[in-house]
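For reference, the structure discussed in these notes is given below.
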Amino acid sequence: MASSIGSSSARGVTMIAETANRPLAVFVPGWVLDDRSLAPPARGDVVEVVLTFHPTGHTPSPSEQTVRATVRPVFGHTPYSHPEGGLRWPLEAIGDRWSAEWLSDRPRTGRVELTGRLVVDIFWTGSDNPVPVRGRVRRVQLVEQRIEHTGSGVRAVDGTERLTEVESTPHRSWSNPETPSTEDPFQGTGVLLDLDLDDVPATKTEFVAGAVSVDGPDVWVMDRSNPILLQIDTGSTPPRIVEYLLPLTIEPPKNQWTRKVHADRDGCWITSRHEVFRCDRAGDAALTIERVSAEGGNSVLVDGRLFLVGSTYPALRHDRRYGVVRVDPDAHPVRMLDDERQLIPVDDPATVARVTAQRRRADTAHGADGTEWVAVGELSAQSPDGTRRRVDLDVRTRGTVHWIQPDPYADPANADIMARISVPPPRPRLSDETAGP
């Protein structure tokens, strides 16, 4: 993405794109269409896209616009080296009902005017959780550029764009341009969409199944991102579904799942890479929940014991602050939650091998009767005979949740800490009559 940014200068003009009733112009590169990350849009479609801002510098373009936005840094992120030299810092530009990433040649913050293109992208180099932009397509224009021969092939000539209005995006291969003809040396590079950001349906709050676990007739399903847990009693007809709204964080839905669920007869464990929670039945349609560990990891339930499995080999990983760094394996790759709910290392090779062999995907579980449950957006069940059915999760009742919040200041395990940080109570002041000389 950085190679197509160009200059990061911003030029102000009098026409501002997000004034009332003015659509937002968004460029869709041909390679995004070839990737099938976005279905070829037509006029009247509602699309949801992630945007990046590309300043146009000193080369005018018929698809550029000037927008007002408030920019803020993507904090804690190392800058990028630009192919043309210099550094680029990732910023987030926030406008009226839209946002976009911008790689700037200087750290910036506050209100700005930017001239350039808002471009649909599928790679997000700064923020881990980009905010998608939703709009109804009011106009589709085919963007073409003049192609010329070079010593090593062909290239698009800057400043030669032309726009042709069409009803829908042409179905074609965009990433493999043909040799230009002498009669018409122009070839398509993408489409320009005019998005109406007002005329869109309201976003529905839906349950998105991300993790599932089974114990007997009970199926526990966790939302991919939101702290919502469903308990399905398959022993009743029809199956009874109870929804529990848990006191957990809302996780970014960038993966297939953000938490795992491990069911047992008394309730379930909920784990993530950050923590471990325990949910216990507390009556009909009632749960208690308590955080038992502020450490997390890849979890496995074996014979009623919860294990956390860490890394066993060194690896190179991309860190947002440092770039690519070496990460050494954990000193104790396998740890077990004991009866005191403390994580203790497991060094027995046979136990380690047994635990690591039982790691599984969070979105698939198998019941005792051989039914396979799959939680990928929706919940489905496949019987041993191969019949698959979708489970309707819309009809459900609301359960109650009791949140157990231990007081760390009263925990005997922290007495040594409290002794160091506590301030002695003030001594009572003596009255004038009892005060000594």
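Please note that chains go A, B, ... in the order of the structure tokens, that every chain numbers its residues from 1, and that ligands are numbered from 1 in the order shown.
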
When DSSP is applied to the backbone of this structure, which of segment 92-218 of chain A are assigned strand (DSSP E)? Write them out as an MDAnalysis selection string. chainID A and resid 92:94 99:104 110:120 133:150 153:156 162:166 186:196 209:215 218

Surrounding residues of Val46 of chain A excluding itself and chain neighbours under 4 positions, 7 Å, only C-alpha atoms, as a VMD selection string: chain A and resid 134 to 137 200

If you count only C-alpha atoms, which residues fall within 9 Å of segment 216-221 of chain A, apart from same-chain ones fewer than 2 positions away, as a PyMOL selection string? chain A and resi 209-214+223+228-236+261-265+267-268+363+367-369+373+375+379

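For Gln141 of chain A, the residues within 6 Å (counting only C-alpha atoms, excluding itself and residues fewer than 3 positions away along the chain) are A:Leu163, A:Thr164, A:Glu165, A:Val166, A:Val191, A:Leu192.
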
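The interatomic distance for the pair atom CA of Arg317 of chain A and atom CA of Lys254 of chain A works out to 17.6 Å.
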
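Of the listed residues (A:Arg321, A:Asn298, A:Asp215, A:Arg117), A:Arg321 comes nearest to Phe75 of chain A; the distances count only C-alpha atoms.
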
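Note that the spacing between atom CA of Gly296 of chain A and atom CA of Tyr313 of chain A amounts to 18.2 Å.
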
Closest of A:His54, A:Arg155, A:Asp319, A:Asp280 to Gly76 of chain A, counting only C-alpha atoms, is A:Asp319

For Glu275 of chain A, list every protein, DNA or RNA residue within 7 Å, evaluated using only C-alpha atoms, and leave out those in the same chain fewer than 4 positions away; present the list as an mmCIF file with N, CA, C and O atoms, in the first residue's frame.
data_model
loop_
_atom_site.group_PDB
_atom_site.id
_atom_site.type_symbol
_atom_site.label_atom_id
_atom_site.label_comp_id
_atom_site.auth_asym_id
_atom_site.auth_seq_id
_atom_site.Cartn_x
_atom_site.Cartn_y
_atom_site.Cartn_z
ATOM 1 N N THR A 271 -12.241 -18.538 27.915
ATOM 2 C CA THR A 271 -10.836 -18.143 27.891
ATOM 3 C C THR A 271 -10.537 -17.287 26.672
ATOM 4 O O THR A 271 -11.245 -17.322 25.666
ATOM 5 N N SER A 293 -8.157 -15.755 36.388
ATOM 6 C CA SER A 293 -6.769 -15.516 35.993
ATOM 7 C C SER A 293 -6.706 -14.342 35.041
ATOM 8 O O SER A 293 -7.541 -14.216 34.136
ATOM 9 N N ALA A 294 -5.727 -13.482 35.280
ATOM 10 C CA ALA A 294 -5.467 -12.366 34.371
ATOM 11 C C ALA A 294 -4.425 -12.749 33.328
ATOM 12 O O ALA A 294 -3.868 -11.890 32.657
ATOM 13 N N GLU A 295 -4.170 -14.036 33.185
ATOM 14 C CA GLU A 295 -3.317 -14.570 32.135
ATOM 15 C C GLU A 295 -4.163 -15.496 31.281
ATOM 16 O O GLU A 295 -5.095 -16.141 31.771
ATOM 17 N N GLY A 296 -3.848 -15.565 30.005
ATOM 18 C CA GLY A 296 -4.610 -16.413 29.104
ATOM 19 C C GLY A 296 -3.713 -17.135 28.135
ATOM 20 O O GLY A 296 -2.491 -17.178 28.293
#

With only C-alpha atoms as the basis for distance, which of A:Asp96, A:Ala69, A:Arg139, A:Ala362 is at the shortest distance from Met222 of chain A? A:Ala362

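For the choices A:Ala100, A:Ala286, A:Val47, A:Val119, the atom-to-atom distance to Trp31 of chain A is smallest for A:Val119 when using only C-alpha atoms.
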
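Checking A:Arg162, A:Arg97, A:His77, A:Lys204 one by one against Leu142 of chain A, counting only C-alpha atoms, you find the shortest gap at A:Arg162.
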
Show me, as a PDB file with all heavy atoms, in the first residue's frame, the residues that have an atom within 7 Å of segment 324-339 of chain A when counting only C-alpha atoms, minus same-chain residues fewer than 6 positions from it.
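Final file, out-v8.pdb:
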ATOM      1  N   ARG A 305      -9.838 -30.710  33.817  1.00  0.00           N
ATOM      2  CA  ARG A 305      -8.780 -29.754  34.158  1.00  0.00           C
ATOM      3  C   ARG A 305      -8.541 -28.808  32.994  1.00  0.00           C
ATOM      4  O   ARG A 305      -8.486 -29.224  31.834  1.00  0.00           O
ATOM      5  CB  ARG A 305      -7.478 -30.480  34.486  1.00  0.00           C
ATOM      6  CG  ARG A 305      -7.497 -31.266  35.778  1.00  0.00           C
ATOM      7  CD  ARG A 305      -7.438 -30.329  36.971  1.00  0.00           C
ATOM      8  NE  ARG A 305      -7.245 -31.040  38.225  1.00  0.00           N
ATOM      9  CZ  ARG A 305      -7.155 -30.454  39.407  1.00  0.00           C
ATOM     10  NH1 ARG A 305      -7.247 -29.139  39.501  1.00  0.00           N
ATOM     11  NH2 ARG A 305      -6.996 -31.165  40.505  1.00  0.00           N
ATOM     12  N   LEU A 306      -8.387 -27.514  33.325  1.00  0.00           N
ATOM     13  CA  LEU A 306      -8.112 -26.526  32.302  1.00  0.00           C
ATOM     14  C   LEU A 306      -6.613 -26.299  32.190  1.00  0.00           C
ATOM     15  O   LEU A 306      -5.932 -26.050  33.191  1.00  0.00           O
ATOM     16  CB  LEU A 306      -8.804 -25.203  32.632  1.00  0.00           C
ATOM     17  CG  LEU A 306      -8.729 -24.139  31.524  1.00  0.00           C
ATOM     18  CD1 LEU A 306      -9.645 -24.515  30.367  1.00  0.00           C
ATOM     19  CD2 LEU A 306      -9.088 -22.766  32.058  1.00  0.00           C
ATOM     20  N   PHE A 307      -6.094 -26.392  30.966  1.00  0.00           N
ATOM     21  CA  PHE A 307      -4.684 -26.173  30.680  1.00  0.00           C
ATOM     22  C   PHE A 307      -4.550 -25.003  29.707  1.00  0.00           C
ATOM     23  O   PHE A 307      -5.408 -24.796  28.838  1.00  0.00           O
ATOM     24  CB  PHE A 307      -4.051 -27.417  30.050  1.00  0.00           C
ATOM     25  CG  PHE A 307      -4.004 -28.624  30.941  1.00  0.00           C
ATOM     26  CD1 PHE A 307      -5.113 -29.463  31.060  1.00  0.00           C
ATOM     27  CD2 PHE A 307      -2.850 -28.936  31.655  1.00  0.00           C
ATOM     28  CE1 PHE A 307      -5.069 -30.579  31.874  1.00  0.00           C
ATOM     29  CE2 PHE A 307      -2.800 -30.050  32.469  1.00  0.00           C
ATOM     30  CZ  PHE A 307      -3.915 -30.880  32.582  1.00  0.00           C
ATOM     31  N   LEU A 308      -3.471 -24.236  29.870  1.00  0.00           N
ATOM     32  CA  LEU A 308      -3.104 -23.186  28.918  1.00  0.00           C
ATOM     33  C   LEU A 308      -1.828 -23.612  28.210  1.00  0.00           C
ATOM     34  O   LEU A 308      -0.836 -23.971  28.864  1.00  0.00           O
ATOM     35  CB  LEU A 308      -2.894 -21.852  29.626  1.00  0.00           C
ATOM     36  CG  LEU A 308      -4.108 -21.255  30.341  1.00  0.00           C
ATOM     37  CD1 LEU A 308      -3.754 -19.890  30.931  1.00  0.00           C
ATOM     38  CD2 LEU A 308      -5.305 -21.132  29.399  1.00  0.00           C
ATOM     39  N   VAL A 309      -1.858 -23.579  26.895  1.00  0.00           N
ATOM     40  CA  VAL A 309      -0.729 -24.026  26.081  1.00  0.00           C
ATOM     41  C   VAL A 309      -0.109 -22.808  25.415  1.00  0.00           C
ATOM     42  O   VAL A 309      -0.778 -22.074  24.674  1.00  0.00           O
ATOM     43  CB  VAL A 309      -1.172 -25.048  25.025  1.00  0.00           C
ATOM     44  CG1 VAL A 309       0.029 -25.514  24.211  1.00  0.00           C
ATOM     45  CG2 VAL A 309      -1.861 -26.237  25.681  1.00  0.00           C
ATOM     46  N   GLY A 310       1.174 -22.584  25.687  1.00  0.00           N
ATOM     47  CA  GLY A 310       1.893 -21.460  25.097  1.00  0.00           C
ATOM     48  C   GLY A 310       2.754 -21.893  23.928  1.00  0.00           C
ATOM     49  O   GLY A 310       2.555 -22.954  23.328  1.00  0.00           O
ATOM     50  N   SER A 311       3.740 -21.078  23.603  1.00  0.00           N
ATOM     51  CA  SER A 311       4.609 -21.365  22.462  1.00  0.00           C
ATOM     52  C   SER A 311       5.721 -22.321  22.873  1.00  0.00           C
ATOM     53  O   SER A 311       6.245 -22.258  23.990  1.00  0.00           O
ATOM     54  CB  SER A 311       5.210 -20.070  21.920  1.00  0.00           C
ATOM     55  OG  SER A 311       5.966 -19.409  22.916  1.00  0.00           O
ATOM     56  N   THR A 312       6.067 -23.216  21.973  1.00  0.00           N
ATOM     57  CA  THR A 312       7.109 -24.210  22.237  1.00  0.00           C
ATOM     58  C   THR A 312       8.360 -23.984  21.408  1.00  0.00           C
ATOM     59  O   THR A 312       9.384 -24.615  21.677  1.00  0.00           O
ATOM     60  CB  THR A 312       6.565 -25.620  21.950  1.00  0.00           C
ATOM     61  OG1 THR A 312       6.080 -25.679  20.596  1.00  0.00           O
ATOM     62  CG2 THR A 312       5.408 -25.955  22.899  1.00  0.00           C
ATOM     63  N   TYR A 313       8.300 -23.088  20.403  1.00  0.00           N
ATOM     64  CA  TYR A 313       9.448 -22.845  19.534  1.00  0.00           C
ATOM     65  C   TYR A 313       9.663 -21.334  19.392  1.00  0.00           C
ATOM     66  O   TYR A 313       8.702 -20.548  19.458  1.00  0.00           O
ATOM     67  CB  TYR A 313       9.239 -23.458  18.150  1.00  0.00           C
ATOM     68  CG  TYR A 313       9.015 -24.955  18.161  1.00  0.00           C
ATOM     69  CD1 TYR A 313       7.727 -25.475  18.067  1.00  0.00           C
ATOM     70  CD2 TYR A 313      10.084 -25.839  18.263  1.00  0.00           C
ATOM     71  CE1 TYR A 313       7.503 -26.846  18.079  1.00  0.00           C
ATOM     72  CE2 TYR A 313       9.880 -27.211  18.272  1.00  0.00           C
ATOM     73  CZ  TYR A 313       8.589 -27.706  18.180  1.00  0.00           C
ATOM     74  OH  TYR A 313       8.384 -29.057  18.196  1.00  0.00           O
ATOM     75  N   PRO A 314      10.894 -20.902  19.155  1.00  0.00           N
ATOM     76  CA  PRO A 314      11.113 -19.479  18.866  1.00  0.00           C
ATOM     77  C   PRO A 314      10.489 -19.116  17.523  1.00  0.00           C
ATOM     78  O   PRO A 314      10.337 -19.969  16.641  1.00  0.00           O
ATOM     79  CB  PRO A 314      12.637 -19.346  18.859  1.00  0.00           C
ATOM     80  CG  PRO A 314      13.136 -20.711  18.512  1.00  0.00           C
ATOM     81  CD  PRO A 314      12.160 -21.673  19.118  1.00  0.00           C
ATOM     82  N   ALA A 315      10.119 -17.845  17.373  1.00  0.00           N
ATOM     83  CA  ALA A 315       9.469 -17.414  16.139  1.00  0.00           C
ATOM     84  C   ALA A 315       9.774 -15.948  15.883  1.00  0.00           C
ATOM     85  O   ALA A 315      10.189 -15.203  16.789  1.00  0.00           O
ATOM     86  CB  ALA A 315       7.961 -17.629  16.237  1.00  0.00           C
ATOM     87  N   LEU A 316       9.605 -15.531  14.632  1.00  0.00           N
ATOM     88  CA  LEU A 316       9.689 -14.127  14.247  1.00  0.00           C
ATOM     89  C   LEU A 316       8.264 -13.607  14.070  1.00  0.00           C
ATOM     90  O   LEU A 316       7.481 -14.180  13.313  1.00  0.00           O
ATOM     91  CB  LEU A 316      10.481 -13.960  12.951  1.00  0.00           C
ATOM     92  CG  LEU A 316      11.968 -14.318  13.009  1.00  0.00           C
ATOM     93  CD1 LEU A 316      12.606 -14.147  11.633  1.00  0.00           C
ATOM     94  CD2 LEU A 316      12.690 -13.455  14.032  1.00  0.00           C
ATOM     95  N   ARG A 317       7.942 -12.545  14.794  1.00  0.00           N
ATOM     96  CA  ARG A 317       6.601 -11.974  14.724  1.00  0.00           C
ATOM     97  C   ARG A 317       6.681 -10.480  14.483  1.00  0.00           C
ATOM     98  O   ARG A 317       7.657  -9.829  14.861  1.00  0.00           O
ATOM     99  CB  ARG A 317       5.828 -12.246  16.022  1.00  0.00           C
ATOM    100  CG  ARG A 317       5.594 -13.733  16.293  1.00  0.00           C
ATOM    101  CD  ARG A 317       4.844 -13.947  17.582  1.00  0.00           C
ATOM    102  NE  ARG A 317       4.699 -15.364  17.898  1.00  0.00           N
ATOM    103  CZ  ARG A 317       4.192 -15.844  19.012  1.00  0.00           C
ATOM    104  NH1 ARG A 317       3.776 -14.990  19.963  1.00  0.00           N
ATOM    105  NH2 ARG A 317       4.089 -17.128  19.216  1.00  0.00           N
ATOM    106  N   HIS A 318       5.625  -9.957  13.875  1.00  0.00           N
ATOM    107  CA  HIS A 318       5.572  -8.520  13.622  1.00  0.00           C
ATOM    108  C   HIS A 318       4.950  -7.826  14.814  1.00  0.00           C
ATOM    109  O   HIS A 318       3.818  -8.118  15.211  1.00  0.00           O
ATOM    110  CB  HIS A 318       4.765  -8.220  12.366  1.00  0.00           C
ATOM    111  CG  HIS A 318       4.780  -6.760  12.001  1.00  0.00           C
ATOM    112  ND1 HIS A 318       3.879  -5.851  12.514  1.00  0.00           N
ATOM    113  CD2 HIS A 318       5.616  -6.050  11.206  1.00  0.00           C
ATOM    114  CE1 HIS A 318       4.152  -4.649  12.035  1.00  0.00           C
ATOM    115  NE2 HIS A 318       5.192  -4.744  11.238  1.00  0.00           N
ATOM    116  N   PRO A 345       3.087 -24.795  36.426  1.00  0.00           N
ATOM    117  CA  PRO A 345       3.706 -25.389  35.240  1.00  0.00           C
ATOM    118  C   PRO A 345       3.560 -26.907  35.226  1.00  0.00           C
ATOM    119  O   PRO A 345       3.550 -27.567  36.264  1.00  0.00           O
ATOM    120  CB  PRO A 345       5.170 -24.969  35.372  1.00  0.00           C
ATOM    121  CG  PRO A 345       5.375 -24.692  36.818  1.00  0.00           C
ATOM    122  CD  PRO A 345       4.070 -24.180  37.334  1.00  0.00           C
ATOM    123  N   VAL A 346       3.443 -27.443  34.025  1.00  0.00           N
ATOM    124  CA  VAL A 346       3.379 -28.888  33.815  1.00  0.00           C
ATOM    125  C   VAL A 346       4.601 -29.280  32.997  1.00  0.00           C
ATOM    126  O   VAL A 346       4.759 -28.839  31.849  1.00  0.00           O
ATOM    127  CB  VAL A 346       2.091 -29.295  33.075  1.00  0.00           C
ATOM    128  CG1 VAL A 346       2.088 -30.795  32.798  1.00  0.00           C
ATOM    129  CG2 VAL A 346       0.864 -28.887  33.869  1.00  0.00           C
ATOM    130  N   VAL A 352       2.249 -33.304  28.922  1.00  0.00           N
ATOM    131  CA  VAL A 352       2.382 -32.248  27.916  1.00  0.00           C
ATOM    132  C   VAL A 352       1.951 -32.758  26.549  1.00  0.00           C
ATOM    133  O   VAL A 352       1.209 -32.092  25.811  1.00  0.00           O
ATOM    134  CB  VAL A 352       3.835 -31.722  27.881  1.00  0.00           C
ATOM    135  CG1 VAL A 352       4.035 -30.806  26.679  1.00  0.00           C
ATOM    136  CG2 VAL A 352       4.162 -30.989  29.173  1.00  0.00           C
TER     137      VAL A 352
END

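Taking atom CA of Leu103 of chain A and atom CA of Leu118 of chain A as endpoints, the distance between them is 12.5 Å.
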
Mind checking which residues fall within 7 Å of Ser225 of chain A, counting only C-alpha atoms, ignoring those fewer than 3 positions away in the same chain, and posting them as JSON, numbers by chain? {"A": [250, 251, 252, 253, 258]}

Among segment 250-383 of chain A, which residues does DSSP mark as helix (DSSP H, G or I) when it is run on the backbone? Keep the chain and numbering as in the structure and answer as a ChimeraX atom specification. /A:349-357

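Using only C-alpha atoms, the nearest neighbour of Val28 of chain A within the list A:Ser99, A:Thr203, A:Thr109, A:Thr169 is A:Thr169.
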